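Q: My structure is in model_9.csv, and what it holds is CSV, C-alpha atoms:
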chain,number,residue,atom,x,y,z
A,17,MET,CA,22.4,11.7,-3.4
A,18,ASN,CA,24.1,8.9,-5.5
A,19,THR,CA,24.3,5.3,-4.6
A,20,ALA,CA,27.8,5.5,-3.1
A,21,ASP,CA,26.8,8.3,-0.8
A,22,ALA,CA,23.6,6.4,0.2
A,23,LEU,CA,25.6,3.3,1.0
A,24,ALA,CA,28.0,5.2,3.1
A,25,VAL,CA,25.1,6.4,5.3
A,26,LEU,CA,23.4,3.1,5.4
A,27,ASP,CA,26.6,1.3,6.4
A,28,ALA,CA,27.6,3.7,9.1
A,29,PRO,CA,28.4,2.0,12.4
A,30,PRO,CA,25.5,1.5,14.8
A,31,ASP,CA,26.9,4.1,17.2
A,32,ALA,CA,27.5,6.7,14.5
A,33,ASP,CA,25.8,10.1,14.7
A,34,VAL,CA,23.7,9.8,11.5
A,35,ASP,CA,21.5,12.7,10.5
A,36,PRO,CA,17.9,11.2,10.5
A,37,ASP,CA,16.9,13.1,7.3
A,38,GLU,CA,20.0,12.1,5.5
A,39,LEU,CA,19.2,8.5,6.4
A,40,VAL,CA,15.7,9.0,4.8
A,41,ARG,CA,17.3,10.2,1.6
A,42,ALA,CA,19.8,7.3,1.6
A,43,ALA,CA,17.1,4.8,2.1
A,44,MET,CA,15.0,6.2,-0.8
A,45,GLN,CA,18.0,6.1,-3.1
A,46,TRP,CA,19.0,2.6,-2.2
A,47,HIS,CA,15.5,0.9,-2.2
A,48,PHE,CA,14.2,2.8,-5.3
A,49,SER,CA,17.3,2.7,-7.5
A,50,PRO,CA,16.9,0.2,-10.4
A,51,GLU,CA,20.4,-1.1,-9.6
A,52,THR,CA,20.1,-1.6,-5.8
A,53,GLY,CA,16.4,-1.4,-5.1
A,54,THR,CA,14.0,-3.8,-3.5
A,55,PRO,CA,11.7,-5.5,-6.1
A,56,PHE,CA,8.7,-5.0,-3.8
A,57,TRP,CA,9.2,-1.2,-3.9
A,58,LEU,CA,10.3,-1.0,-7.5
A,59,ALA,CA,7.1,-2.6,-8.6
A,60,ARG,CA,5.1,0.0,-6.7
A,61,ARG,CA,7.0,3.1,-7.4
A,62,ASP,CA,4.8,4.3,-10.3
A,63,ARG,CA,1.7,3.7,-8.2
A,64,LEU,CA,2.8,5.9,-5.2
A,65,GLY,CA,1.7,9.2,-6.7
A,66,PHE,CA,5.1,10.8,-5.8
A,67,ASP,CA,8.7,10.3,-6.5
A,68,PRO,CA,10.4,8.8,-3.4
A,69,CYS,CA,13.9,10.0,-4.4
A,70,ALA,CA,12.8,13.5,-5.2
A,71,ASP,CA,9.9,14.1,-2.8
A,72,VAL,CA,10.8,12.2,0.3
A,73,ARG,CA,13.5,14.3,1.9
A,74,THR,CA,12.8,14.3,5.6
A,75,ARG,CA,11.3,12.0,8.3
A,76,ALA,CA,8.1,14.0,8.1
A,77,ASP,CA,7.8,13.0,4.4
A,78,LEU,CA,7.5,9.3,5.4
A,79,ARG,CA,3.8,10.0,6.1
A,80,ARG,CA,3.3,10.1,2.3
A,81,PHE,CA,3.8,6.4,2.1
A,82,PRO,CA,0.6,4.3,2.0
A,83,GLN,CA,0.0,1.4,4.4
A,84,VAL,CA,1.6,-1.5,2.5
A,85,VAL,CA,2.3,-4.1,5.2
A,86,ASP,CA,-0.9,-5.9,4.6
A,87,GLU,CA,0.6,-6.8,1.2
A,88,LEU,CA,3.3,-8.7,3.0
A,89,ARG,CA,0.7,-11.4,3.7
A,90,SER,CA,1.1,-12.6,0.1
A,91,THR,CA,4.3,-11.0,-1.2
A,92,PRO,CA,7.0,-13.6,-2.2
A,93,VAL,CA,9.8,-13.0,0.3
A,94,GLU,CA,12.4,-12.9,-2.4
A,95,ASP,CA,10.9,-9.6,-3.5
A,96,LEU,CA,12.0,-8.1,-0.2
A,97,LEU,CA,15.7,-8.7,-0.8
A,98,PRO,CA,17.4,-5.5,-2.2
A,99,ARG,CA,19.2,-6.0,-5.5
A,100,GLY,CA,22.2,-4.1,-4.1
A,101,TYR,CA,23.3,-7.3,-2.2
A,102,GLY,CA,24.0,-8.9,-5.6
A,103,GLY,CA,22.3,-12.1,-4.6
A,104,ALA,CA,24.7,-12.6,-1.7
A,105,ALA,CA,22.4,-11.4,1.1
A,106,GLU,CA,22.8,-13.6,4.2
A,107,VAL,CA,19.3,-14.4,5.4
A,108,ILE,CA,19.0,-15.2,9.1
A,109,GLY,CA,15.3,-16.1,8.7
A,110,VAL,CA,11.9,-15.4,7.3
A,111,PHE,CA,9.7,-14.4,10.2
A,112,GLU,CA,5.9,-13.9,10.5
A,113,SER,CA,3.7,-11.6,12.5
A,114,GLY,CA,1.5,-13.1,15.1
A,115,GLY,CA,-1.6,-13.2,13.0
A,116,THR,CA,-3.6,-11.1,15.5
A,117,THR,CA,-5.3,-9.2,12.7
A,118,GLY,CA,-5.6,-11.9,10.0
A,119,ALA,CA,-3.2,-14.0,7.9
A,120,PRO,CA,0.4,-13.5,9.0
A,121,LYS,CA,2.7,-11.0,7.3
A,122,ARG,CA,6.3,-12.0,6.5
A,123,VAL,CA,9.6,-10.2,6.6
A,124,VAL,CA,13.2,-11.2,5.9
A,125,TYR,CA,15.9,-10.7,8.6
A,126,LEU,CA,19.3,-10.2,7.1
A,127,ALA,CA,22.6,-10.8,8.9
A,128,ASP,CA,23.9,-7.2,8.7
A,129,TRP,CA,20.7,-5.9,10.2
A,130,MET,CA,20.8,-8.6,13.0
A,131,GLU,CA,24.3,-7.3,13.9
A,132,ARG,CA,22.9,-3.7,14.2
A,133,GLU,CA,19.9,-4.8,16.2
A,134,MET,CA,22.1,-6.9,18.6
A,135,ALA,CA,24.6,-4.1,19.0
A,136,GLN,CA,21.7,-1.8,20.2
A,137,ALA,CA,20.3,-4.6,22.4
A,138,MET,CA,23.6,-5.3,24.1
A,139,ARG,CA,24.2,-1.6,24.7
A,140,ALA,CA,20.7,-1.3,26.2
A,141,MET,CA,21.3,-4.3,28.4
A,142,ASP,CA,24.6,-3.0,29.7
A,143,GLU,CA,22.9,0.3,30.6
A,144,ARG,CA,20.3,-1.5,32.6
A,145,GLY,CA,22.7,-3.9,34.4
A,146,TYR,CA,21.7,-7.1,32.7
A,147,PRO,CA,24.1,-9.8,33.9
A,148,ARG,CA,26.6,-11.6,31.7
A,149,GLY,CA,27.5,-15.2,31.8
A,150,VAL,CA,24.1,-16.5,33.0
A,151,ASN,CA,21.6,-18.8,31.3
A,152,TRP,CA,18.3,-17.6,29.9
A,153,LEU,CA,14.9,-19.2,30.1
A,154,SER,CA,12.6,-17.9,27.3
A,155,LEU,CA,8.9,-18.7,27.2
A,156,GLY,CA,7.5,-17.7,23.8
A,157,PRO,CA,6.8,-18.5,20.2
A,158,SER,CA,9.3,-20.2,17.9
A,159,GLY,CA,8.6,-21.6,14.5
A,160,PRO,CA,7.9,-18.7,12.1
A,161,HIS,CA,8.3,-16.0,14.8
A,162,ASP,CA,11.4,-13.8,15.4
A,163,TYR,CA,11.1,-14.2,19.2
A,164,ALA,CA,13.1,-17.4,19.4
A,165,GLU,CA,15.9,-16.2,17.2
A,166,LEU,CA,16.2,-12.9,19.0
A,167,THR,CA,16.1,-14.4,22.5
A,168,GLY,CA,18.7,-16.9,21.5
A,169,GLN,CA,20.9,-14.2,20.2
A,170,HIS,CA,20.5,-12.3,23.5
A,171,ALA,CA,21.5,-15.3,25.5
A,172,ARG,CA,24.5,-16.2,23.4
A,173,ARG,CA,25.8,-12.7,23.1
A,174,ARG,CA,25.6,-12.2,26.9
A,175,GLY,CA,27.7,-15.4,27.3
A,176,GLY,CA,25.0,-17.8,28.4
A,177,LEU,CA,22.9,-20.7,27.2
A,178,ARG,CA,19.2,-20.5,26.4
A,179,PHE,CA,16.5,-22.8,27.6
A,180,ALA,CA,13.5,-22.4,25.3
A,181,ILE,CA,9.9,-23.3,26.1
A,182,ASP,CA,7.8,-23.0,22.9
A,183,PHE,CA,4.2,-21.9,22.9
A,184,ASP,CA,1.9,-21.2,20.0
A,185,PRO,CA,0.1,-17.8,20.4
A,186,ARG,CA,-2.1,-18.5,17.4
A,187,TRP,CA,-3.5,-21.6,19.1
A,188,VAL,CA,-4.3,-19.6,22.2
A,189,ARG,CA,-6.1,-16.9,20.1
A,190,ARG,CA,-8.0,-19.6,18.2
A,191,CYS,CA,-9.2,-21.2,21.4
A,192,LEU,CA,-10.4,-17.8,22.6
A,193,ARG,CA,-11.9,-16.8,19.3
A,194,GLU,CA,-13.9,-20.1,19.2
A,195,GLY,CA,-15.1,-19.7,22.8
A,196,ARG,CA,-12.9,-22.3,24.3
A,197,PRO,CA,-11.1,-20.5,27.1
A,198,GLU,CA,-10.7,-23.7,29.1
A,199,ASP,CA,-8.5,-25.1,26.3
A,200,ALA,CA,-6.4,-22.0,26.3
A,201,GLU,CA,-6.0,-22.2,30.1
A,202,ARG,CA,-5.0,-25.9,29.9
A,203,TYR,CA,-2.5,-25.2,27.2
A,204,LEU,CA,-0.8,-22.3,29.2
A,205,ASP,CA,-0.6,-24.7,32.2
A,206,HIS,CA,1.2,-27.1,30.0
A,207,VAL,CA,3.7,-24.4,29.0
A,208,LEU,CA,4.3,-23.3,32.5
A,209,ALA,CA,4.9,-26.9,33.7
A,210,GLN,CA,7.7,-27.1,31.3
A,211,ALA,CA,9.2,-23.9,32.6
A,212,GLY,CA,9.0,-25.4,36.1
A,213,ASP,CA,11.1,-28.4,35.0
A,214,VAL,CA,13.9,-26.1,33.7
A,215,LEU,CA,13.8,-23.8,36.8
A,216,ALA,CA,14.0,-26.8,39.1
A,217,SER,CA,16.9,-28.6,37.4
A,218,GLN,CA,19.0,-25.9,35.7
A,219,ARG,CA,20.9,-22.7,36.5
A,220,VAL,CA,18.8,-19.8,35.2
A,221,GLY,CA,19.8,-16.1,35.6
A,222,ALA,CA,17.4,-14.4,33.2
A,223,ILE,CA,13.8,-15.0,32.2
A,224,GLN,CA,12.0,-13.5,29.1
A,225,ALA,CA,8.3,-14.1,28.8
A,226,PRO,CA,5.0,-12.4,28.0
A,227,PRO,CA,3.0,-10.9,31.0
A,228,PRO,CA,0.2,-13.5,30.9
A,229,LEU,CA,2.7,-16.3,31.5
A,230,LEU,CA,4.6,-14.3,34.2
A,231,GLU,CA,1.2,-13.7,35.9
A,232,ARG,CA,0.6,-17.4,36.0
A,233,LEU,CA,4.1,-18.1,37.3
A,234,ALA,CA,3.5,-15.6,40.0
A,235,ARG,CA,0.5,-17.6,41.3
A,236,ASP,CA,2.7,-20.7,41.9
A,237,GLU,CA,4.6,-20.5,45.1
A,238,ARG,CA,7.1,-23.2,44.2
A,239,LEU,CA,8.0,-21.4,40.9
A,240,VAL,CA,8.2,-18.1,42.6
A,241,ASP,CA,10.7,-19.5,45.1
A,242,LEU,CA,12.8,-21.0,42.3
A,243,VAL,CA,12.8,-17.6,40.5
A,244,ARG,CA,13.7,-15.7,43.7
A,245,GLY,CA,16.6,-18.1,44.4
A,246,GLN,CA,18.5,-17.6,41.2
A,247,VAL,CA,17.0,-15.2,38.6
A,248,ARG,CA,18.7,-11.8,38.3
A,249,VAL,CA,16.6,-10.1,35.7
A,250,ILE,CA,13.1,-10.6,34.1
A,251,THR,CA,12.1,-9.2,30.7
A,252,TRP,CA,8.5,-9.1,29.6
A,253,CYS,CA,7.3,-8.7,26.0
A,254,GLY,CA,4.7,-9.6,23.5
A,255,THR,CA,1.7,-8.1,25.2
A,256,SER,CA,1.1,-5.0,27.4
A,257,MET,CA,1.5,-4.8,31.2
A,258,ASP,CA,-0.3,-2.3,33.3
A,259,ARG,CA,1.3,-0.4,36.1
A,260,ASP,CA,-0.5,-2.4,38.9
A,261,THR,CA,0.8,-5.7,37.5
A,262,ARG,CA,4.3,-4.2,37.2
A,263,ASP,CA,4.3,-2.9,40.7
A,264,LEU,CA,3.0,-6.3,42.0
A,265,PHE,CA,6.0,-8.0,40.3
A,266,THR,CA,8.7,-5.6,41.4
A,267,GLN,CA,7.5,-4.9,44.9
A,268,GLU,CA,5.8,-8.1,46.1
A,269,VAL,CA,6.4,-11.2,43.9
A,270,PHE,CA,10.0,-10.6,42.7
A,271,PRO,CA,11.4,-8.0,45.1
A,272,GLY,CA,15.0,-7.1,44.2
A,273,ILE,CA,14.8,-8.6,40.7
A,274,PRO,CA,14.8,-5.9,38.0
A,275,VAL,CA,11.8,-6.2,35.6
A,276,TYR,CA,12.1,-4.6,32.2
A,277,GLY,CA,9.7,-4.5,29.2
A,278,LEU,CA,10.7,-4.9,25.6
A,279,TYR,CA,8.4,-3.3,23.0
A,280,GLY,CA,8.6,-3.7,19.3
A,281,SER,CA,7.1,-5.3,16.2
A,282,THR,CA,8.1,-7.9,13.7
A,283,MET,CA,7.1,-5.5,11.0
A,284,ALA,CA,9.6,-2.9,12.3
A,285,LEU,CA,12.4,-5.5,12.6
A,286,GLY,CA,13.3,-4.0,16.0
A,287,ALA,CA,12.4,-3.4,19.6
A,288,ALA,CA,13.1,-1.0,22.5
A,289,PHE,CA,14.0,-1.9,26.1
A,290,GLU,CA,12.0,-0.1,28.7
A,291,ARG,CA,13.6,3.1,29.9
A,292,PRO,CA,15.2,2.7,33.4
A,293,ALA,CA,12.7,3.4,36.2
A,294,THR,CA,10.9,6.8,35.9
A,295,ASP,CA,9.8,8.9,38.8
A,296,ASP,CA,6.1,8.3,38.1
A,297,GLY,CA,6.4,4.6,37.6
A,298,ASP,CA,5.5,4.5,34.0
A,299,SER,CA,6.9,1.9,31.6
A,300,VAL,CA,8.4,4.2,28.9
A,301,PHE,CA,9.9,3.1,25.6
A,302,ASP,CA,12.1,5.4,23.6
A,303,SER,CA,12.5,4.8,19.8
A,304,PRO,CA,15.3,2.3,19.7
A,305,SER,CA,17.5,3.9,17.0
A,306,VAL,CA,17.6,6.2,14.1
A,307,ASN,CA,16.7,3.2,11.9
A,308,VAL,CA,13.6,2.1,13.9
A,309,THR,CA,11.4,4.9,15.2
A,310,TYR,CA,8.0,5.3,16.7
A,311,GLU,CA,5.4,8.0,16.3
A,312,VAL,CA,2.1,8.5,18.1
A,313,VAL,CA,-0.5,9.9,15.7
A,314,ASP,CA,-4.1,10.8,15.5
A,315,PRO,CA,-5.6,7.8,13.8
A,316,GLY,CA,-8.0,10.0,11.8
A,317,SER,CA,-5.6,12.6,10.5
A,318,GLY,CA,-2.3,10.8,10.7
A,319,GLU,CA,-0.8,13.9,12.3
A,320,PRO,CA,1.5,13.5,15.4
A,321,VAL,CA,-0.2,14.1,18.8
A,322,ALA,CA,1.3,16.4,21.4
A,323,VAL,CA,3.3,15.2,24.3
A,324,GLY,CA,0.9,13.8,27.0
A,325,GLU,CA,-1.8,12.9,24.5
A,326,THR,CA,-2.8,9.4,23.4
A,327,GLY,CA,-2.9,8.2,19.8
A,328,GLN,CA,-2.1,5.2,17.6
A,329,VAL,CA,1.5,4.0,17.2
A,330,VAL,CA,3.2,4.2,13.8
A,331,MET,CA,6.6,2.6,13.3
A,332,HIS,CA,9.2,3.3,10.6
A,333,HIS,CA,12.1,1.0,9.6
A,334,LEU,CA,14.8,2.5,7.4
A,335,SER,CA,17.9,0.4,6.8
A,336,LYS,CA,20.0,-1.1,4.0
A,337,SER,CA,18.2,-4.4,4.5
A,338,ALA,CA,14.6,-3.2,4.5
A,339,LEU,CA,12.3,-0.3,4.0
A,340,LEU,CA,9.0,-0.4,6.0
A,341,PRO,CA,7.8,3.2,6.5
A,342,ASN,CA,4.6,4.5,8.0
A,343,ASN,CA,3.4,1.2,9.4
A,344,LEU,CA,0.3,1.8,11.6
A,345,GLU,CA,0.4,-0.7,14.5
A,346,ARG,CA,-2.4,-2.3,16.4
A,347,ASP,CA,-1.4,-0.4,19.5
A,348,VAL,CA,-2.4,2.9,21.2
A,349,ALA,CA,0.0,4.7,23.5
A,350,ARG,CA,0.5,8.0,25.3
A,351,ARG,CA,3.3,10.2,23.8
A,352,VAL,CA,6.1,11.0,26.3
A,353,ALA,CA,8.8,13.5,25.9
A,354,ALA,CA,11.8,11.9,24.2
A,355,PRO,CA,15.4,12.3,25.6
A,356,ALA,CA,17.4,15.1,24.1
A,357,GLY,CA,18.8,14.1,20.8
A,358,ARG,CA,16.7,11.0,20.4
A,359,VAL,CA,15.0,10.5,17.1
A,360,GLY,CA,11.3,9.7,17.1
A,361,HIS,CA,8.7,9.6,19.8
A,362,SER,CA,8.7,7.9,23.2
A,363,VAL,CA,5.7,6.0,24.3
A,364,ALA,CA,4.0,4.8,27.5
A,365,ASP,CA,0.7,3.1,28.5
A,366,VAL,CA,1.0,0.9,25.4
A,367,ARG,CA,-2.1,-1.3,24.8
A,368,PRO,CA,-3.9,-2.9,21.9
A,369,VAL,CA,-6.7,-1.3,20.0
A,370,GLU,CA,-10.1,-3.1,20.2
A,371,ALA,CA,-10.2,-3.5,16.5
A,372,PHE,CA,-7.7,-3.0,13.7
A,373,THR,CA,-8.7,-2.6,10.0
A,374,GLY,CA,-12.2,-3.8,11.0
A,375,VAL,CA,-10.9,-7.0,12.6
A,376,PRO,CA,-11.4,-7.5,16.4
A,377,VAL,CA,-8.0,-7.8,18.1
A,378,ILE,CA,-7.7,-10.9,20.2
A,379,VAL,CA,-4.3,-10.6,22.0
A,380,GLY,CA,-4.4,-13.8,24.0
A,381,ALA,CA,-1.0,-14.5,25.6
A,382,TYR,CA,1.4,-12.8,23.1
Re-express the file's structure as structure tokens.

A:
Amino acid sequence: MNTADALAVLDAPPDADVDPDELVRAAMQWHFSPETGTPFWLARRDRLGFDPCADVRTRADLRRFPQVVDELRSTPVEDLLPRGYGGAAEVIGVFESGGTTGAPKRVVYLADWMEREMAQAMRAMDERGYPRGVNWLSLGPSGPHDYAELTGQHARRRGGLRFAIDFDPRWVRRCLREGRPEDAERYLDHVLAQAGDVLASQRVGAIQAPPPLLERLARDERLVDLVRGQVRVITWCGTSMDRDTRDLFTQEVFPGIPVYGLYGSTMALGAAFERPATDDGDSVFDSPSVNVTYEVVDPGSGEPVAVGETGQVVMHHLSKSALLPNNLERDVARRVAAPAGRVGHSVADVRPVEAFTGVPVIVGAY
């Protein structure tokens, strides 16, 4: 495949029927070509032990890539910009991981990828009946995190305004790590009080927040009444939610208000909305697109597990703007049968591992 052919595949519209293996070959050509490649990958090509352009031909071949995301803790972000943009790449932002497993990792979000991500998000929201023309209240991290940018994009593209309540998940984790849970509790109360001010004074039709904050909100009768009186959809994200909590929200605390999860990773530059309600009540997430896919693997062998079995989540990102293959996440999940024609695995029962690369995982509130 030459560069022109690769570019045609990578620039295909978000709703185009792109062959997943052809996308793999296009991504290899683009990111490893001296003319268009990404400096981060070009510097590592000779160390891989294989030729990405010749040997990586299918999605299954992505398993050949080593775990490199830990190197993003110290990589200059300019090295993540493909040369093919000719120095004209429009950068939306430099975003960091949550720091759950150590120093934060950094990625670059480019404008052309944001358009693809938002096209997929808007389509998913339409399929789930998310309202248009309503204001959003988001409770979550801003600063170096992609959460604030993405929720702002969601609100604007749905025709609403966004009220943002900032909270620092790293501070909560530090409090918990240092044995100061009372400080973490006091901080979360402070965050929730700000949300109450918005709900009491403004028109809010959508809320997006991590489960721990939604659980605290659900214990406050005044806030529950404010939500019931105006909110038309709730999105949870950032940490896992078990079935009992989900049932409590949908059946008792917020009856009649749809509640959907959003599962993804900063290191995958993408996320998937929860599949519409399933017969068994599971929260199921399908791989969001041909560009961002999930796999559930045996953590020892790296081989995919069978449908119904539990393993560790691996995410792949393949696009013109970034190449982040074979990224082992901090989560375990049960593999679920994917819809016909969907690339990648579908996952349910997503939850964090107890330790990752030898570091205890402290999730906190995000």

Q: Out of A:Ser281, A:Thr117, A:Gln267, A:Ser49, which residue has the shortest atom-to-atom distance to Tyr163 (chain A) when counting all atoms listed in the file?

A: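 Checking each candidate against Tyr163 (chain A), we get A:Ser281 as the closest.
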
Q: Could you list, as a ChimeraX atom specification, every residue within 8 Å of Ser335 (chain A), counting only C-alpha atoms and ignoring same-chain residues fewer than 6 positions away?

A: /A:26,43,129,307

Q: Using all atoms listed in the file, find the one residue out of A:Ala76, A:Val214, A:Met138, A:Ala338 that sits nearest to Val308 (chain A).

A: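 Between A:Ala76, A:Val214, A:Met138, A:Ala338, the residue approaching Val308 (chain A) most closely is A:Ala338.
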
Q: Excluding same-chain residues fewer than 2 positions from region 348-352 of chain A, what lies within 8 Å of it counting all atoms listed in the file, as a PyMOL selection string?

A: chain A and resi 300+312+321-329+346+354+361-369

Q: What is the distance between CA of Ser303 (chain A) and CA of Val359 (chain A), in Å to one decimal?

A: 6.8 Å

Q: Quick one: residues within 9 Å of Leu229 (chain A), only C-alpha atoms counted, chain neighbours fewer than 5 positions away excluded, as a ChimeraX atom specification?

A: /A:155,204,207-208,234,381

Q: Find the spatial neighbours of Gly156 (chain A), counting all atoms listed in the file, within a cut-off of 7 Å - ignore same-chain residues fewer than 6 positions away - and output them as a ChimeraX atom specification.

A: /A:163,181-183,225

Q: Residues within 6 Å of Ile223 (chain A), please, as a list in words. Count all atoms listed in the file; anything in the same chain fewer than 2 positions from it doesn't count.

A: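 Result of the neighbour search: Trp152, Leu153, Ser154 and Ile250 of chain A.
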
Q: Go through A:Gly53, A:Ser256, A:Phe48, A:Gly357 one by one, measure the shortest atom-to-atom distance of each to Asp67 (chain A) using only C-alpha atoms, and give the residue with the smallest value.

A: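 Looking at the shortest contact to Asp67 (chain A), the residue is A:Phe48.
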
Q: Quick one: distance from CA of Trp252 (chain A) to CA of Gly277 (chain A) in Å, one decimal?

A: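 Between CA of Trp252 (chain A) and CA of Gly277 (chain A) the gap works out to 4.8 Å.
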
Q: Smallest atom-to-atom distance to Val25 (chain A): which of A:Val247, A:Val40, A:Leu230, A:Ile108, using only C-alpha atoms?

A: A:Val40
